[in-house]
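Undergrad: final35.csv is reproduced in full below (CSV, C-alpha atoms).
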chain,number,residue,atom,x,y,z
A,39,MET,CA,24.3,-42.9,2.7
A,40,ARG,CA,24.7,-43.4,-1.0
A,41,ILE,CA,22.5,-41.2,-3.2
A,42,VAL,CA,21.6,-40.4,-6.8
A,43,PHE,CA,21.0,-36.7,-7.4
A,44,PHE,CA,18.3,-35.5,-9.9
A,45,GLY,CA,18.2,-31.9,-10.9
A,46,THR,CA,18.5,-29.4,-13.8
A,47,PRO,CA,18.4,-25.6,-13.2
A,48,HIS,CA,20.6,-23.2,-11.2
A,49,PHE,CA,18.7,-23.9,-7.9
A,50,ALA,CA,19.5,-27.6,-8.2
A,51,ALA,CA,23.1,-26.9,-9.2
A,52,GLU,CA,23.7,-24.8,-6.1
A,53,VAL,CA,22.3,-27.6,-3.9
A,54,LEU,CA,24.4,-30.2,-5.7
A,55,ASP,CA,27.5,-28.1,-5.2
A,56,SER,CA,26.9,-28.0,-1.5
A,57,LEU,CA,26.4,-31.8,-1.3
A,58,ILE,CA,29.7,-32.4,-3.2
A,59,GLU,CA,31.5,-29.9,-0.9
A,60,SER,CA,30.1,-31.7,2.2
A,61,GLY,CA,31.4,-35.0,1.1
A,62,VAL,CA,28.0,-36.7,0.5
A,63,GLU,CA,28.5,-40.0,-1.4
A,64,ILE,CA,26.9,-39.4,-4.8
A,65,ALA,CA,26.7,-42.5,-7.0
A,66,ALA,CA,25.4,-40.7,-10.1
A,67,ILE,CA,23.9,-37.4,-11.2
A,68,VAL,CA,20.8,-37.2,-13.5
A,69,SER,CA,19.8,-34.1,-15.4
A,70,GLN,CA,17.7,-33.1,-18.4
A,71,PRO,CA,19.3,-33.4,-21.9
A,72,ASP,CA,21.3,-30.5,-23.2
A,73,ARG,CA,19.1,-28.0,-24.9
A,74,PRO,CA,19.6,-25.0,-27.3
A,75,LYS,CA,19.8,-21.7,-25.4
A,76,GLY,CA,20.0,-18.0,-26.2
A,77,ARG,CA,19.6,-16.2,-29.4
A,78,SER,CA,22.2,-18.4,-31.1
A,79,LEU,CA,20.3,-21.5,-30.0
A,80,GLN,CA,23.7,-23.1,-29.2
A,81,ILE,CA,23.4,-26.5,-27.4
A,82,SER,CA,24.3,-25.9,-23.8
A,83,PRO,CA,24.7,-28.2,-20.8
A,84,THR,CA,22.3,-27.8,-17.9
A,85,PRO,CA,23.6,-25.9,-14.8
A,86,VAL,CA,23.7,-29.2,-12.9
A,87,LYS,CA,25.8,-30.8,-15.5
A,88,GLU,CA,28.2,-27.8,-15.5
A,89,VAL,CA,28.7,-28.1,-11.7
A,90,ALA,CA,29.1,-31.9,-12.0
A,91,ALA,CA,31.8,-31.5,-14.7
A,92,LYS,CA,33.7,-28.9,-12.7
A,93,LYS,CA,33.4,-30.2,-9.1
A,94,ALA,CA,33.0,-34.0,-9.6
A,95,PRO,CA,34.0,-35.2,-13.1
A,96,PHE,CA,34.4,-38.7,-11.8
A,97,ILE,CA,30.6,-39.1,-11.0
A,98,PRO,CA,28.6,-40.6,-13.9
A,99,ILE,CA,26.0,-38.3,-15.4
A,100,PHE,CA,22.8,-39.5,-17.1
A,101,GLN,CA,20.6,-37.3,-19.3
A,102,PRO,CA,17.6,-39.4,-20.3
A,103,GLU,CA,15.0,-37.9,-22.6
A,104,LYS,CA,12.4,-39.8,-20.5
A,105,SER,CA,13.0,-41.0,-17.0
A,106,SER,CA,10.8,-44.0,-17.8
A,107,ASN,CA,13.3,-45.3,-20.4
A,108,PRO,CA,13.9,-49.0,-19.6
A,109,GLU,CA,17.7,-48.9,-20.3
A,110,PHE,CA,18.0,-45.9,-18.0
A,111,LEU,CA,16.1,-47.7,-15.2
A,112,GLU,CA,18.4,-50.7,-15.5
A,113,GLU,CA,21.5,-48.4,-15.2
A,114,LEU,CA,20.0,-46.9,-12.0
A,115,LYS,CA,19.4,-50.4,-10.5
A,116,LYS,CA,23.1,-51.3,-11.0
A,117,LEU,CA,24.2,-48.3,-8.9
A,118,GLN,CA,22.5,-49.8,-5.7
A,119,ALA,CA,22.0,-46.3,-4.2
A,120,ASP,CA,20.1,-46.0,-0.9
A,121,LEU,CA,18.2,-42.9,-1.7
A,122,TYR,CA,17.3,-40.6,-4.7
A,123,VAL,CA,17.4,-36.8,-4.0
A,124,VAL,CA,15.3,-34.7,-6.5
A,125,VAL,CA,15.7,-31.0,-6.8
A,126,ALA,CA,13.8,-29.3,-9.7
A,127,PHE,CA,14.5,-32.1,-12.1
A,128,GLY,CA,11.8,-31.2,-14.6
A,129,GLN,CA,10.3,-34.6,-15.3
A,130,ILE,CA,7.6,-36.7,-13.6
A,131,LEU,CA,9.3,-39.7,-12.2
A,132,PRO,CA,7.5,-43.1,-12.9
A,133,GLN,CA,6.6,-45.4,-10.0
A,134,LYS,CA,9.1,-48.0,-11.4
A,135,LEU,CA,11.9,-45.5,-10.7
A,136,LEU,CA,10.5,-44.4,-7.3
A,137,ASP,CA,10.6,-48.0,-6.2
A,138,ILE,CA,14.3,-48.7,-7.0
A,139,PRO,CA,16.2,-47.2,-4.0
A,140,ARG,CA,15.7,-49.0,-0.6
A,141,LEU,CA,14.9,-45.7,1.1
A,142,GLY,CA,12.8,-44.3,-1.7
A,143,CYS,CA,13.0,-40.8,-3.2
A,144,ILE,CA,12.9,-37.4,-1.5
A,145,ASN,CA,12.2,-34.0,-3.1
A,146,VAL,CA,13.2,-30.5,-2.1
A,147,HIS,CA,10.2,-28.3,-2.9
A,148,ALA,CA,10.3,-24.5,-2.6
A,149,SER,CA,7.0,-24.0,-0.8
A,150,LEU,CA,5.2,-24.8,2.4
A,151,LEU,CA,3.4,-27.9,1.2
A,152,PRO,CA,0.6,-28.7,0.6
A,153,LYS,CA,0.5,-25.1,-0.6
A,154,TYR,CA,1.8,-24.5,-4.2
A,155,ARG,CA,2.3,-28.0,-5.5
A,156,GLY,CA,3.8,-27.9,-9.0
A,157,ALA,CA,6.3,-26.2,-11.2
A,158,ALA,CA,6.4,-22.5,-10.1
A,159,PRO,CA,5.8,-22.3,-6.4
A,160,ILE,CA,8.2,-19.3,-5.8
A,161,GLN,CA,6.6,-17.1,-8.5
A,162,ARG,CA,3.0,-18.1,-7.4
A,163,SER,CA,3.7,-17.1,-3.8
A,164,LEU,CA,4.9,-13.7,-4.9
A,165,LEU,CA,2.0,-13.2,-7.3
A,166,GLN,CA,-0.4,-13.9,-4.3
A,167,GLY,CA,1.5,-11.4,-2.1
A,168,ASP,CA,2.3,-14.1,0.5
A,169,LYS,CA,4.2,-12.9,3.6
A,170,GLU,CA,6.1,-16.1,4.2
A,171,THR,CA,7.2,-19.2,2.3
A,172,GLY,CA,9.8,-21.9,2.8
A,173,ILE,CA,11.3,-25.2,1.9
A,174,ALA,CA,9.5,-28.6,2.4
A,175,ILE,CA,11.4,-31.8,1.9
A,176,GLN,CA,8.9,-34.6,1.1
A,177,LYS,CA,8.9,-38.3,0.5
A,178,MET,CA,8.0,-38.7,-3.2
A,179,VAL,CA,4.9,-40.6,-4.4
A,180,LYS,CA,3.5,-40.8,-7.9
A,181,GLU,CA,1.0,-38.0,-7.3
A,182,LEU,CA,2.5,-34.6,-7.8
A,183,ASP,CA,4.2,-33.2,-4.7
A,184,ALA,CA,1.8,-35.2,-2.5
A,185,GLY,CA,4.1,-37.2,-0.3
A,186,ASP,CA,4.6,-37.0,3.4
A,187,VAL,CA,6.6,-34.0,4.6
A,188,LEU,CA,9.9,-34.8,6.3
A,189,ARG,CA,11.3,-31.4,7.1
A,190,VAL,CA,10.0,-27.8,6.8
A,191,GLU,CA,11.8,-24.5,7.2
A,192,LYS,CA,10.0,-21.1,6.9
A,193,ILE,CA,11.3,-17.6,5.9
A,194,PRO,CA,9.5,-14.2,5.6
A,195,ILE,CA,9.0,-12.5,2.3
A,196,PRO,CA,9.7,-8.8,2.4
A,197,GLU,CA,7.3,-6.6,0.4
A,198,GLU,CA,10.0,-5.6,-2.2
A,199,MET,CA,11.6,-9.0,-2.6
A,200,THR,CA,11.9,-10.3,-6.2
A,201,TYR,CA,11.7,-13.8,-7.6
A,202,GLY,CA,15.5,-13.9,-8.1
A,203,GLU,CA,16.1,-12.8,-4.5
A,204,LEU,CA,13.6,-15.2,-3.1
A,205,GLU,CA,14.9,-18.0,-5.1
A,206,LYS,CA,18.4,-17.5,-3.8
A,207,ALA,CA,17.1,-17.2,-0.2
A,208,LEU,CA,15.2,-20.5,-0.5
A,209,CYS,CA,18.2,-22.2,-2.2
A,210,ASP,CA,20.4,-21.1,0.7
A,211,LEU,CA,17.8,-22.4,3.1
A,212,SER,CA,17.5,-25.8,1.5
A,213,LYS,CA,21.2,-26.6,1.6
A,214,PRO,CA,21.7,-27.1,5.4
A,215,LEU,CA,18.2,-28.5,5.7
A,216,LEU,CA,18.8,-31.3,3.1
A,217,LEU,CA,22.3,-32.0,4.4
A,218,SER,CA,21.1,-32.5,8.0
A,219,LEU,CA,18.4,-34.9,6.8
A,220,LEU,CA,20.9,-37.0,4.9
A,221,GLN,CA,23.3,-37.1,7.9
A,222,GLU,CA,20.6,-37.9,10.5
A,223,GLY,CA,18.5,-40.2,8.5
A,224,LEU,CA,14.9,-40.0,7.2
A,225,PRO,CA,12.3,-39.2,10.0
A,226,GLN,CA,8.7,-40.2,10.1
A,227,GLY,CA,6.9,-38.0,7.6
A,228,ALA,CA,3.7,-36.0,8.2
A,229,PRO,CA,0.8,-36.4,5.8
A,230,GLN,CA,-0.3,-33.4,3.9
A,231,ASN,CA,-3.7,-32.0,4.6
A,232,PRO,CA,-5.8,-32.4,1.4
A,233,LEU,CA,-8.0,-29.5,2.4
A,234,HIS,CA,-5.1,-27.0,2.1
A,235,VAL,CA,-3.8,-28.2,-1.3
A,236,THR,CA,-3.1,-25.5,-3.9
A,237,TYR,CA,-1.3,-25.7,-7.2
A,238,ALA,CA,1.5,-23.6,-8.8
A,239,PRO,CA,1.4,-24.3,-12.6
A,240,LYS,CA,4.2,-23.2,-14.8
A,241,VAL,CA,4.2,-19.5,-15.7
A,242,SER,CA,3.0,-18.8,-19.3
A,243,PRO,CA,4.4,-16.0,-21.4
A,244,GLU,CA,1.0,-14.3,-21.5
A,245,GLU,CA,1.1,-13.8,-17.7
A,246,ALA,CA,4.0,-11.4,-17.9
A,247,GLU,CA,2.1,-8.7,-19.8
A,248,ILE,CA,1.0,-5.8,-17.6
A,249,LYS,CA,-2.6,-4.7,-17.8
A,250,TRP,CA,-2.9,-1.3,-16.2
A,251,GLU,CA,-6.6,-1.7,-15.4
A,252,LYS,CA,-5.5,-4.1,-12.5
A,253,ASP,CA,-4.9,-2.7,-9.0
A,254,ALA,CA,-1.5,-1.4,-8.1
A,255,ILE,CA,-0.7,-4.0,-5.4
A,256,SER,CA,-1.4,-6.9,-7.9
A,257,LEU,CA,0.8,-5.3,-10.5
A,258,HIS,CA,3.6,-4.7,-8.0
A,259,ASN,CA,3.4,-8.4,-7.1
A,260,GLN,CA,3.5,-9.3,-10.8
A,261,ILE,CA,6.6,-7.2,-11.4
A,262,ARG,CA,8.6,-8.7,-8.6
A,263,ALA,CA,7.3,-12.3,-9.3
A,264,PHE,CA,8.8,-12.1,-12.9
A,265,ASN,CA,12.1,-10.4,-12.1
A,266,PRO,CA,14.5,-11.5,-13.5
A,267,ARG,CA,12.6,-13.9,-15.7
A,268,PRO,CA,10.6,-13.7,-17.8
A,269,GLY,CA,10.2,-10.0,-16.9
A,270,ALA,CA,6.9,-8.2,-16.6
A,271,TRP,CA,6.3,-5.9,-19.5
A,272,CYS,CA,3.9,-3.4,-21.1
A,273,TRP,CA,3.5,-1.4,-24.3
A,274,VAL,CA,4.4,2.3,-24.2
A,275,GLU,CA,4.2,5.1,-26.8
A,276,TRP,CA,7.8,6.4,-26.7
A,277,ASN,CA,8.7,9.5,-28.8
A,278,GLY,CA,5.9,8.6,-31.2
A,279,GLU,CA,6.7,4.9,-31.5
A,280,LYS,CA,5.1,1.8,-29.9
A,281,LYS,CA,7.7,0.1,-27.8
A,282,ARG,CA,7.9,-2.8,-25.4
A,283,LEU,CA,9.1,-1.9,-21.9
A,284,LYS,CA,10.1,-4.3,-19.2
A,285,ILE,CA,9.4,-3.1,-15.7
A,286,LEU,CA,11.9,-4.7,-13.3
A,287,ARG,CA,11.2,-2.9,-10.1
A,288,ALA,CA,8.4,-0.7,-8.8
A,289,LYS,CA,6.7,0.2,-5.6
A,290,VAL,CA,3.1,1.1,-4.7
A,291,HIS,CA,2.8,4.9,-4.7
A,292,THR,CA,1.2,6.1,-1.5
A,293,ALA,CA,2.1,9.8,-1.3
A,294,ASP,CA,-0.5,12.5,-2.1
A,295,THR,CA,2.0,14.5,-4.1
A,296,ARG,CA,4.0,13.6,-7.2
A,297,SER,CA,7.5,14.8,-8.1
A,298,ASN,CA,8.6,15.5,-11.6
A,299,LYS,CA,11.5,13.2,-10.9
A,300,ASP,CA,9.3,10.2,-10.2
A,301,LEU,CA,7.7,8.0,-12.9
A,302,ILE,CA,4.1,7.4,-11.6
A,303,VAL,CA,1.6,5.3,-13.5
A,304,ASP,CA,-2.1,5.2,-12.6
A,305,CYS,CA,-3.6,1.7,-12.3
A,306,GLY,CA,-7.2,0.5,-12.0
A,307,ARG,CA,-6.9,1.2,-8.3
A,308,GLY,CA,-4.0,3.1,-6.9
A,309,SER,CA,-0.7,3.9,-8.7
A,310,LEU,CA,2.8,2.6,-9.1
A,311,CYS,CA,6.1,4.4,-8.9
A,312,LEU,CA,8.4,2.7,-11.5
A,313,LEU,CA,12.0,2.3,-10.3
A,314,GLU,CA,13.9,0.2,-12.9
A,315,VAL,CA,13.0,-0.4,-16.5
A,316,GLN,CA,14.4,-1.9,-19.7
A,317,MET,CA,13.4,-0.8,-23.2
A,318,GLU,CA,13.5,-3.5,-25.9
A,319,GLY,CA,17.0,-3.7,-27.3
A,320,LYS,CA,18.4,-1.5,-24.5
A,321,PRO,CA,20.1,-2.1,-21.1
A,322,ARG,CA,18.2,-1.9,-17.9
A,323,MET,CA,18.3,1.5,-16.2
A,324,GLN,CA,16.7,3.6,-13.5
A,325,ALA,CA,13.2,4.7,-14.4
A,326,ALA,CA,14.1,8.4,-13.7
A,327,ASP,CA,17.0,8.3,-16.2
A,328,TRP,CA,14.7,6.6,-18.8
A,329,LEU,CA,12.1,9.3,-18.3
A,330,ARG,CA,14.7,12.1,-18.9
A,331,GLY,CA,15.5,10.6,-22.3
A,332,ALA,CA,11.9,11.1,-23.6
A,333,LYS,CA,11.3,14.1,-25.9
A,334,ILE,CA,7.6,13.9,-25.0
A,335,PRO,CA,6.2,12.2,-21.9
A,336,PRO,CA,5.7,8.4,-22.6
A,337,LYS,CA,2.2,7.1,-22.7
A,338,PHE,CA,1.5,3.7,-21.1
A,339,LEU,CA,-0.8,1.6,-23.2
A,340,ASN,CA,-3.3,-1.2,-22.2
Can the structure from this file be put into structure tokens for me?

TA:
Amino acid sequence: MRIVFFGTPHFAAEVLDSLIESGVEIAAIVSQPDRPKGRSLQISPTPVKEVAAKKAPFIPIFQPEKSSNPEFLEELKKLQADLYVVVAFGQILPQKLLDIPRLGCINVHASLLPKYRGAAPIQRSLLQGDKETGIAIQKMVKELDAGDVLRVEKIPIPEEMTYGELEKALCDLSKPLLLSLLQEGLPQGAPQNPLHVTYAPKVSPEEAEIKWEKDAISLHNQIRAFNPRPGAWCWVEWNGEKKRLKILRAKVHTADTRSNKDLIVDCGRGSLCLLEVQMEGKPRMQAADWLRGAKIPPKFLN
């Protein structure tokens, strides 16, 4: 089966790497345009483009600003691929594009569809405190993540698992699932139940700010959902100055007693024991070590 691969971030790059290593016939690779990154705003290639250049420099790469570009669509038609495989590409694909390959387009989505359609399914599942999630491979239609589901694989979500850890686990889960689908052929898909549809919109920067009036369980889920990015944070009064503090790991405090070695913060209901933090402009460190560096006890601000 001859495919065109669409993808942009590290998750997609890992999947592409596995397809290349497995000998899947890839007619072309499509990724987002190179963008400025970091403090220097240096133009950098996407992770998918980096993998393609390293592992398969002979495969043509397209980086359209818009996937509806007529010239780009004509180039795709010339490739005569059987199937398009989309993994976190980052653009809505027009119907004209979906209609090009004879077997259509499939998408690897990091949720148990119809739950969490949209851009941030992994973070939304952690924010909700879900106990399980998984990978759904769907046949693409014009409506967002609404196509028939071809394959599903589930995994549990441990209580302390972070976004970065869950993303890796789901990526590892998706590789053999997708490869087996390509090798065995597309099965008959199962329609999604419209009564169970939920959405996972892109995370906004404002959602990362911690408000201590919330309950401890919700804040614990917020912290792990935003680790490593964008990082849940709060304001603290540190040695007489107002500072921004990222909280990278925490756990719900359940003991009746408190040790002077633990950094416990009271919430609207319950309390959190902070485990790993990062002060603005400083490296990440254990919360107990950060606490020892304070001349006076830090005050957590709302």

Undergrad: Determine, counting all atoms listed in the file, which protein, DNA and RNA residues have an atom within 7 Å of an atom of Val42 of chain A; residues of the same chain fewer than 3 positions away are not included. Present the result as a list in words.

TA: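 My reading of the contact set: Ile64, Ala65, Ala66, Ile67, Ala119, Leu121, Tyr122 and Val123 of chain A.
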
Undergrad: Give me, please, the distance in Å between atom CA of Ile160 of chain A and atom CA of Ser78 of chain A, quoted to one decimal.

TA: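 Between these atoms lies a distance of 28.9 Å.
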
Undergrad: When you look at Gly185 of chain A with a cut-off of 8 Å (counting all atoms listed in the file), what residues show up, excluding the ones that are within fewer than 2 positions of it in the same chain? I need them as a VMD selection string.

TA: chain A and resid 176 to 179 181 183 187 229 to 230

Undergrad: Counting only C-alpha atoms, figure out which residue out of A:Lys87, A:Arg162, A:Lys153, A:Lys289 gets nearest to Ser242 of chain A.

TA: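 Of all the options, A:Arg162 lies closest to Ser242 of chain A.
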
Undergrad: If we count all atoms listed in the file, what is near Trp273 of chain A at a cut-off of 6 Å, once residues fewer than 3 positions away on the same chain are taken out, given as a list of chain:residue names?

TA: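 Near neighbours after the sequence-gap exclusion: A:Lys281, A:Arg282, A:Leu339.
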